[in-house]
Structures are given as C-alpha cells and as structure tokens.
$ cat work.txt   # compact mmCIF, C-alpha atoms
# COMPACT_ATOMS: atom_id res chain seq x y z
CA MET D 1 38.92 49.04 -4.01
CA ASN D 2 38.93 47.23 -7.33
CA TRP D 3 35.46 47.81 -8.78
CA ILE D 4 35.76 45.11 -11.45
CA SER D 5 36.97 42.30 -9.18
CA ASN D 6 34.89 43.21 -6.16
CA TYR D 7 31.57 43.99 -7.82
CA VAL D 8 31.35 43.20 -11.54
CA ARG D 9 32.85 39.71 -11.45
CA PRO D 10 30.71 38.41 -8.51
CA ARG D 11 27.65 39.88 -10.16
CA ILE D 12 28.37 38.07 -13.44
CA ASN D 13 29.09 34.82 -11.61
CA SER D 14 25.80 35.04 -9.72
CA ILE D 15 23.88 35.48 -12.98
CA PHE D 16 25.54 32.69 -14.94
CA SER D 17 26.30 30.27 -12.12
CA ARG D 18 24.66 26.86 -12.37
CA ARG D 19 21.64 26.40 -10.17
CA GLU D 20 21.52 23.43 -7.85
CA VAL D 21 19.09 20.67 -8.83
CA PRO D 22 16.98 19.23 -6.00
CA GLU D 23 18.11 15.73 -5.03
CA ASN D 24 14.60 14.25 -5.19
CA LEU D 25 13.82 15.55 -8.69
CA TRP D 26 15.05 12.37 -10.40
CA LYS D 27 15.13 8.76 -9.25
CA LYS D 28 17.17 5.91 -10.64
CA CYS D 29 15.42 2.61 -11.28
CA PRO D 30 17.28 -0.07 -9.27
CA GLU D 31 16.48 -2.69 -11.90
CA CYS D 32 17.36 -1.10 -15.26
CA GLY D 33 19.20 2.06 -14.16
CA THR D 34 16.90 4.46 -16.04
CA MET D 35 16.69 7.97 -14.58
CA LEU D 36 13.02 8.75 -13.99
CA PHE D 37 11.43 12.15 -13.37
CA HIS D 38 9.85 12.06 -9.92
CA ARG D 39 6.47 13.48 -10.95
CA GLU D 40 6.17 11.06 -13.86
CA LEU D 41 7.15 8.19 -11.59
CA SER D 42 4.59 9.24 -8.97
CA ASP D 43 1.82 9.46 -11.58
CA ASN D 44 2.73 5.91 -12.65
CA LEU D 45 2.36 4.62 -9.04
CA PHE D 46 6.14 4.21 -8.72
CA VAL D 47 6.35 1.61 -11.48
CA CYS D 48 9.32 2.09 -13.81
CA THR D 49 8.12 3.29 -17.22
CA SER D 50 11.07 1.58 -18.87
CA CYS D 51 11.26 -1.95 -17.39
CA ASP D 52 7.99 -2.11 -15.36
CA HIS D 53 9.88 -2.66 -12.10
CA HIS D 54 7.66 -2.09 -9.04
CA MET D 55 9.40 0.27 -6.62
CA ALA D 56 8.46 0.90 -2.99
CA ILE D 57 5.40 3.06 -2.42
CA THR D 58 4.26 4.64 0.84
CA PRO D 59 0.91 3.72 2.41
CA ARG D 60 -0.51 7.21 1.82
CA GLU D 61 0.42 7.17 -1.85
CA ARG D 62 -1.07 3.70 -2.19
CA PHE D 63 -4.29 4.67 -0.43
CA ALA D 64 -4.62 7.79 -2.59
CA ALA D 65 -4.76 5.51 -5.63
CA LEU D 66 -6.82 2.78 -3.93
CA PHE D 67 -9.76 4.68 -2.43
CA ASP D 68 -12.40 6.39 -4.55
CA GLY D 69 -11.38 10.00 -5.12
CA GLY D 70 -8.25 9.41 -3.03
CA THR D 71 -10.23 10.19 0.14
CA PHE D 72 -10.07 8.08 3.29
CA ALA D 73 -10.31 8.41 7.05
CA GLU D 74 -7.46 7.24 9.24
CA VAL D 75 -8.31 4.72 11.96
CA ALA D 76 -6.90 5.60 15.37
CA VAL D 77 -4.32 3.17 16.79
CA GLU D 78 -3.43 2.79 20.47
CA GLN D 79 0.12 3.90 21.22
CA PRO D 80 2.25 1.23 22.94
CA ILE D 81 4.84 1.70 25.69
CA GLU D 82 7.88 3.57 24.41
CA ASP D 83 11.12 1.56 24.49
CA PRO D 84 9.88 -1.15 26.89
CA LEU D 85 13.24 -3.00 26.93
CA LYS D 86 15.48 0.11 27.08
CA PHE D 87 17.20 -1.31 24.02
CA ARG D 88 20.43 0.18 22.71
CA ASP D 89 22.75 -0.93 19.94
CA GLN D 90 24.72 1.72 18.03
CA LYS D 91 21.83 4.09 18.83
CA ARG D 92 19.11 4.21 21.43
CA TYR D 93 15.78 2.84 20.23
CA PRO D 94 13.93 6.17 20.78
CA ASP D 95 16.58 7.91 18.67
CA ARG D 96 16.05 5.45 15.84
CA MET D 97 12.30 6.01 16.08
CA LYS D 98 12.71 9.79 15.88
CA THR D 99 14.95 9.46 12.83
CA ALA D 100 12.44 7.19 11.08
CA GLN D 101 9.55 9.52 11.94
CA LYS D 102 11.44 12.53 10.61
CA THR D 103 12.43 10.72 7.41
CA THR D 104 9.00 9.27 6.58
CA GLY D 105 6.68 11.79 8.21
CA GLU D 106 4.73 8.91 9.76
CA THR D 107 4.22 7.87 13.37
CA GLU D 108 4.95 4.18 12.81
CA ALA D 109 5.34 1.41 10.25
CA MET D 110 1.63 0.74 9.57
CA LEU D 111 -1.20 3.01 8.45
CA VAL D 112 -4.86 2.00 8.83
CA ALA D 113 -7.63 3.71 6.86
CA GLN D 114 -11.33 3.33 6.07
CA GLY D 115 -13.10 4.46 2.92
CA GLU D 116 -14.81 3.35 -0.26
CA MET D 117 -13.23 1.39 -3.09
CA GLY D 118 -15.47 0.90 -6.09
CA ARG D 119 -18.38 2.19 -3.96
CA THR D 120 -17.71 -0.62 -1.49
CA THR D 121 -16.69 0.28 2.07
CA ILE D 122 -13.42 -1.33 3.11
CA VAL D 123 -10.83 -1.08 5.85
CA ALA D 124 -7.23 -1.17 4.61
CA ALA D 125 -3.91 -1.50 6.44
CA ALA D 126 -0.54 -0.95 4.77
CA GLN D 127 3.02 -1.29 6.02
CA ASP D 128 5.72 1.25 5.23
CA PHE D 129 9.03 -0.46 4.47
CA SER D 130 10.87 2.86 4.65
CA PHE D 131 10.00 3.03 8.38
CA MET D 132 12.60 0.77 9.99
CA GLY D 133 12.07 -1.87 7.31
CA GLY D 134 8.34 -2.08 8.05
CA SER D 135 9.29 -4.18 11.07
CA MET D 136 6.54 -5.64 13.22
CA GLY D 137 6.49 -4.20 16.72
CA MET D 138 3.80 -3.58 19.30
CA TYR D 139 2.38 -0.65 17.33
CA VAL D 140 1.93 -2.81 14.22
CA GLY D 141 0.12 -5.39 16.35
CA ASN D 142 -2.13 -2.68 17.78
CA ALA D 143 -2.72 -1.30 14.27
CA LEU D 144 -3.87 -4.64 12.87
CA ILE D 145 -6.16 -5.18 15.86
CA ALA D 146 -7.61 -1.69 15.33
CA ALA D 147 -8.12 -2.51 11.64
CA ALA D 148 -9.90 -5.76 12.47
CA GLU D 149 -12.16 -4.06 15.02
CA ALA D 150 -12.98 -1.27 12.55
CA ALA D 151 -13.81 -3.84 9.85
CA VAL D 152 -16.15 -5.75 12.17
CA LYS D 153 -17.82 -2.56 13.39
CA ALA D 154 -18.38 -1.29 9.82
CA ASN D 155 -19.25 -4.77 8.53
CA ALA D 156 -16.59 -4.20 5.87
CA PRO D 157 -13.84 -6.34 4.31
CA LEU D 158 -10.25 -5.98 5.50
CA VAL D 159 -7.46 -5.52 2.93
CA LEU D 160 -3.80 -5.71 3.98
CA PHE D 161 -0.74 -4.53 2.04
CA SER D 162 2.29 -6.19 3.61
CA ALA D 163 5.90 -5.02 3.31
CA ALA D 164 8.19 -5.98 6.17
CA GLY D 165 11.57 -7.28 7.12
CA GLY D 166 10.07 -9.29 9.97
CA ALA D 167 9.87 -8.69 13.72
CA ARG D 168 11.45 -5.60 15.30
CA MET D 169 14.52 -6.70 17.20
CA GLN D 170 14.48 -3.62 19.47
CA GLU D 171 11.30 -4.98 21.10
CA GLY D 172 12.50 -8.56 21.46
CA ILE D 173 9.92 -11.08 22.70
CA LEU D 174 7.26 -8.35 22.76
CA SER D 175 7.59 -8.13 18.99
CA LEU D 176 7.21 -11.89 18.58
CA MET D 177 4.06 -11.78 20.72
CA GLN D 178 2.39 -9.79 17.94
CA MET D 179 2.20 -12.95 15.83
CA PRO D 180 -0.50 -14.65 17.97
CA ARG D 181 -2.19 -11.29 18.69
CA THR D 182 -2.61 -10.49 14.99
CA THR D 183 -3.71 -14.06 14.28
CA VAL D 184 -6.53 -13.68 16.81
CA ALA D 185 -7.48 -10.33 15.22
CA ILE D 186 -7.75 -11.93 11.77
CA GLU D 187 -9.88 -14.73 13.20
CA MET D 188 -12.22 -12.08 14.60
CA VAL D 189 -12.75 -10.76 11.05
CA LYS D 190 -13.36 -14.24 9.68
CA ASP D 191 -15.77 -15.13 12.49
CA ALA D 192 -17.81 -12.11 11.45
CA GLY D 193 -18.07 -13.59 7.95
CA LEU D 194 -16.03 -10.79 6.38
CA PRO D 195 -13.40 -11.22 3.64
CA TYR D 196 -9.72 -10.73 4.45
CA ILE D 197 -7.55 -10.09 1.40
CA VAL D 198 -3.74 -9.84 1.52
CA VAL D 199 -1.62 -8.07 -1.10
CA LEU D 200 2.01 -9.06 -0.59
CA THR D 201 4.55 -6.51 -1.79
CA HIS D 202 8.34 -6.50 -1.92
CA PRO D 203 9.62 -7.63 0.51
CA THR D 204 7.42 -9.59 2.92
CA THR D 205 9.58 -11.73 5.21
CA GLY D 206 10.07 -13.15 8.69
CA GLY D 207 7.38 -13.17 11.36
CA VAL D 208 4.99 -11.16 9.19
CA THR D 209 4.96 -13.95 6.61
CA ALA D 210 4.60 -16.47 9.43
CA SER D 211 1.48 -14.77 10.78
CA TYR D 212 -1.09 -12.35 9.33
CA ALA D 213 0.39 -12.07 5.82
CA MET D 214 -0.42 -15.70 5.04
CA LEU D 215 -3.87 -15.95 6.64
CA GLY D 216 -5.88 -14.27 3.89
CA ASP D 217 -8.86 -15.69 2.04
CA ILE D 218 -7.14 -14.54 -1.15
CA HIS D 219 -3.42 -13.85 -1.60
CA ILE D 220 -2.30 -11.44 -4.32
CA ALA D 221 1.31 -10.38 -4.91
CA GLU D 222 3.00 -7.69 -6.91
CA PRO D 223 5.42 -8.85 -9.63
CA ASN D 224 8.86 -10.08 -8.51
CA ALA D 225 8.09 -9.48 -4.82
CA LEU D 226 10.28 -11.39 -2.37
CA ILE D 227 8.01 -13.43 -0.07
CA CYS D 228 9.61 -15.74 2.47
CA PHE D 229 10.34 -16.51 6.11
CA ALA D 230 14.13 -16.91 5.91
CA GLY D 231 15.81 -15.12 3.03
CA PRO D 232 17.49 -16.94 0.12
CA ARG D 233 21.00 -15.96 1.26
CA VAL D 234 20.42 -17.51 4.70
CA ILE D 235 19.04 -20.69 3.12
CA GLU D 236 21.97 -20.99 0.70
CA GLN D 237 24.46 -20.60 3.56
CA THR D 238 22.59 -23.22 5.58
CA ILE D 239 22.13 -25.94 2.98
CA ARG D 240 25.25 -24.96 0.98
CA GLU D 241 23.46 -25.33 -2.32
CA LYS D 242 22.52 -22.93 -5.10
CA LEU D 243 18.81 -22.12 -5.09
CA PRO D 244 16.64 -22.19 -8.24
CA GLU D 245 16.31 -19.04 -10.33
CA GLY D 246 13.66 -16.71 -8.94
CA PHE D 247 13.35 -18.74 -5.73
CA GLN D 248 10.90 -17.16 -3.23
CA ARG D 249 9.78 -14.56 -5.76
CA ALA D 250 6.08 -14.00 -6.41
CA GLU D 251 6.00 -15.83 -9.75
CA TYR D 252 7.80 -18.86 -8.28
CA LEU D 253 5.36 -19.03 -5.37
CA LEU D 254 2.41 -18.71 -7.73
CA ASP D 255 3.65 -21.70 -9.73
CA HIS D 256 3.99 -23.71 -6.50
CA GLY D 257 0.53 -22.92 -5.12
CA MET D 258 1.31 -20.41 -2.37
CA LEU D 259 -0.39 -17.48 -4.10
CA ASP D 260 -3.67 -16.98 -5.94
CA ARG D 261 -2.57 -14.21 -8.29
CA VAL D 262 0.36 -12.03 -9.29
CA SER D 263 -1.04 -8.69 -10.40
CA HIS D 264 0.39 -5.46 -11.76
CA ARG D 265 0.02 -2.50 -9.42
CA HIS D 266 -2.17 -0.69 -11.95
CA LYS D 267 -4.67 -3.57 -11.98
CA ILE D 268 -4.84 -4.42 -8.27
CA LYS D 269 -7.64 -1.98 -7.45
CA ASP D 270 -9.99 -3.34 -10.14
CA GLU D 271 -9.18 -6.93 -9.15
CA LEU D 272 -9.80 -6.21 -5.47
CA ILE D 273 -13.17 -4.63 -6.29
CA ALA D 274 -14.20 -7.63 -8.39
CA ILE D 275 -13.05 -10.19 -5.79
CA LEU D 276 -14.62 -8.41 -2.82
CA ARG D 277 -17.99 -7.96 -4.53
CA ILE D 278 -18.03 -11.67 -5.38
CA LEU D 279 -17.20 -12.62 -1.79
CA LEU D 280 -19.82 -10.19 -0.46
CA GLY D 281 -22.47 -11.53 -2.83
CA LYS D 282 -22.88 -8.18 -4.58
CA PRO D 283 -23.41 -7.57 -8.33
CA PRO D 284 -20.39 -6.57 -10.43
CA ALA D 285 -19.24 -2.98 -10.06
CA VAL D 286 -20.31 -0.54 -12.76
CA LYS D 287 -17.49 1.62 -14.06
CA GLY D 288 -18.16 5.30 -14.61
CA GLU D 289 -21.10 7.41 -13.57
CA LEU D 290 -24.58 6.13 -14.38
CA PRO D 291 -27.19 8.54 -15.78
CA PRO D 292 -29.94 9.46 -13.32
CA PRO D 293 -33.10 7.32 -13.63
CA GLU D 294 -36.03 8.85 -15.49
CA ASN D 295 -38.73 10.29 -13.23
CA GLU D 296 -42.20 8.84 -13.18
CA GLU D 297 -43.75 11.64 -15.25
CA ASN D 298 -41.29 11.12 -18.13
CA ALA D 299 -41.74 7.37 -17.87
CA ASP D 300 -45.56 7.74 -18.10
CA ASP D 301 -45.37 10.09 -21.09
CA THR D 302 -43.25 7.63 -23.05
CA ALA D 303 -45.10 4.51 -21.92
CA THR D 304 -46.47 2.15 -24.55
CA PRO D 305 -50.29 2.38 -24.61
CA SER D 306 -52.04 -0.75 -23.42
CA LEU D 307 -55.02 -2.42 -25.09
CA ASP D 308 -58.55 -2.02 -23.70
CA ALA D 309 -59.78 -5.54 -22.98
CA SER D 310 -63.43 -4.70 -23.77
CA THR D 311 -63.01 -2.90 -27.12
CA GLY D 312 -59.57 -3.92 -28.29
CA ASP D 313 -58.71 -0.23 -28.86
CA ALA D 314 -55.62 1.41 -27.54
CA ALA D 315 -56.25 2.89 -24.11
CA GLU D 316 -54.66 6.03 -22.72
CA PRO D 317 -51.83 5.32 -20.29
CA GLU D 318 -52.78 5.82 -16.69
CA LYS D 319 -51.41 8.83 -14.86
CA ALA D 320 -49.79 8.39 -11.50
$ encode --input "work.txt" --output "structure tokens"
Amino acid sequence: MNWISNYVRPRINSIFSRREVPENLWKKCPECGTMLFHRELSDNLFVCTSCDHHMAITPRERFAALFDGGTFAEVAVEQPIEDPLKFRDQKRYPDRMKTAQKTTGETEAMLVAQGEMGRTTIVAAAQDFSFMGGSMGMYVGNALIAAAEAAVKANAPLVLFSAAGGARMQEGILSLMQMPRTTVAIEMVKDAGLPYIVVLTHPTTGGVTASYAMLGDIHIAEPNALICFAGPRVIEQTIREKLPEGFQRAEYLLDHGMLDRVSHRHKIKDELIAILRILLGKPPAVKGELPPPENEENADDTATPSLDASTGDAAEPEKA
C-alpha cells in the first residue's frame, strides 16, 4: 500500500478541489447578456438591473409583491377531466402534465388568489408561462370562472395577469370552448358593476388574446410585451412582407390605441390601486401607516374655549 498516493493525495485533492456552483445561482439576461445574481434579480421582481428587461415571473412571486404584506388566500378551482381526448404526440398528455407540475411546483397554468391590495380587497388571477406555455385548457377556463364567482361573492374587483401561448392543443376543441366560457364569466363580473382590469405580460397570444385578455375595462401592459393573435413570423410568412419595427409589442399597440398604459413592473401595483379606487368611487389611497386618532379626552383638553354669549367671557370647554 502506497500511503502517499492512496491517502495523502486524495485528501489534498478533496480539500483544494473546486466546489460545484448551483445552476440556479446566476441567471443570464436574454436581452443584454448580463449575468445576474438570482437573489438580487428576485428582489428586483425579475427585472434586469442592467437593461431593465422584464423577465418571466411566476404567479406566486407576482402575488407576493402585489398583495399587502405578501399574504393572500388561494381560491379553489374545480379539477377538469384528465386527458379527455387521450392525446399523444411524442409524449402522452398526462406525462407532459406531470413534467410541468414537477418543474413548476404548480397544479396548472393559472393561479387564483384573494387578498388586499392597498387596503382594497381584490381577486387576482395570473397565468404561468413556464407551465406548458401558459396554454389555455379546461382548467384555465375553470380557474377564470372561479375567479369571477369569487369576485362577485366578495363584491371585489377582478385583476388578471395574462401570459399564454394560446389554446392547449392537447385538449383540442375543448380548449377552444374556454373562449366563450371565460367571456361569459367576465360578463358576470361586469353585470355586478365590478371593475375588471387586465395586465398583459410577455407573451399574450392566440385564443387568450381573442377572449378574456382583451375584455378588460382597463388594459395595462408591461414594457416590450408581445401581444397578438397570430405571431409576427406567421404574418410575415403569410403576407410575404417585412413588418414594422416593434410590431405587436406593447409600445406599438399603445400608439395604435389597443392599450391604455404601458407600465413598469415596479409601478403596476400603485397604478392598479389608484385606478381601482377611482372606479370603485373610493378616496385616494394613503401611503404608510396613519397615526391613531386622538381620543375624546385629549381632544377636549386641547379644545379652543368658546365665548359665553351672555357675558362675552371665555367659557370652560364642556366635558363629555
């Protein structure tokens, strides 16, 4: 036995060997290529600190920043039939669902929650693009119906954050049927006289754009978000012409009247609070904590003495 080669050398290598760096510790900005520390990026709501590019954000991370104190209650959603068409391409549909659920940690592509935003109760629904492209299937239809019913029951506004590649092809015609179902759900909110605000994020396309994503009372979009029915590549191949610069991006649609605002992710919460309180007929929100009102005893002690009508002398303030 060689003591040096069998014991000393492995021991030295174990001490000075390079430790593996976790893969999710750094993230590269797809726009400018800057390497960003994950914690810093998360604290900045997944907006690049170098070029201000808005990256994808999960519904839970968005709700944590949206609701007061980051607290909210999930709204239960009815589970649809699993794999109704027995669809199979390169993989079985249930296998794709299991992979997406394992990767994202979510049940489906939409999360519905209820809580307070700026001390105003709201119901919010957000799509997760990392879950099969945020595609609209039967569960998404059920989720939006559950959100509308919760909003009507709580007499609260409904806020939607859209991010989808369109209808889910694995559910075929059943996926397309969610367009009229969700339209009826939105009408239920509007019939109750409640605001419905849509925040369109990158990307919002296909049947989602053709239904509930474009039925809002107010439409807000994040910067440079792609918003369309058919994508620019499909249109260019169809008409065989080069499209204008920035075609179907949020700023282009704002200039052509399809959007009301394009807002930075850091400002969306404050803008939503202001818009909703206007639509609800409430006074503007007060930022920060207000001091407690003075009690009646302190108010009486500091009250300005009134004049006695008979003598003109100052009278003692009345005690409660």
$ residues_around --input "work.txt" --residues "Gly133 in chain D" --least-positions-apart "4" --cutoff "7 Å" --atoms "only C-alpha atoms" --output "number ranges by chain"
D: 129, 164-165
$ closest_residue --input "work.txt" --among "D:Gln101, D:Pro94, D:Glu82, D:Gly206" --to "Ser135 in chain D" --atoms "only C-alpha atoms"
D:Gly206
$ residues_around --input "work.txt" --residues "range 260-272 of chain D" --least-positions-apart "3" --cutoff "10 Å" --atoms "only C-alpha atoms" --output "count of residues only"
40
$ atom_distance --input "work.txt" --atom1 "CA of Met35 in chain D" --atom2 "CA of Met55 in chain D"
13.3 Å
$ closest_residue --input "work.txt" --among "D:Gly207, D:Gly141, D:Gly166, D:Gly69" --to "Arg119 in chain D" --atoms "all atoms listed in the file"
D:Gly69
$ closest_residue --input "work.txt" --among "D:Arg168, D:Arg249, D:Arg60, D:Lys28" --to "Thr204 in chain D" --atoms "all atoms listed in the file"
D:Arg249
$ residues_around --input "work.txt" --residues "range 85-91 of chain D" --least-positions-apart "5" --cutoff "12 Å" --atoms "all atoms listed in the file" --output "VMD selection string"
chain D and resid 96 to 99 168 to 175
$ closest_residue --input "work.txt" --among "D:Pro157, D:Pro80, D:Pro30, D:Gly137" --to "Gln114 in chain D" --atoms "all atoms listed in the file"
D:Pro157
$ atom_distance --input "work.txt" --atom1 "CA of Ser42 in chain D" --atom2 "CA of Ile273 in chain D"
22.7 Å
$ closest_residue --input "work.txt" --among "D:Gly216, D:Pro203, D:Ala151, D:Glu245" --to "Phe229 in chain D" --atoms "all atoms listed in the file"
D:Pro203
$ closest_residue --input "work.txt" --among "D:Gly246, D:Pro232, D:Pro84, D:Pro195" --to "Leu160 in chain D" --atoms "all atoms listed in the file"
D:Pro195
$ residues_around --input "work.txt" --residues "Cys51 in chain D" --least-positions-apart "2" --cutoff "8 Å" --atoms "all atoms listed in the file" --output "PyMOL selection string"
chain D and resi 31-32+48-49+53
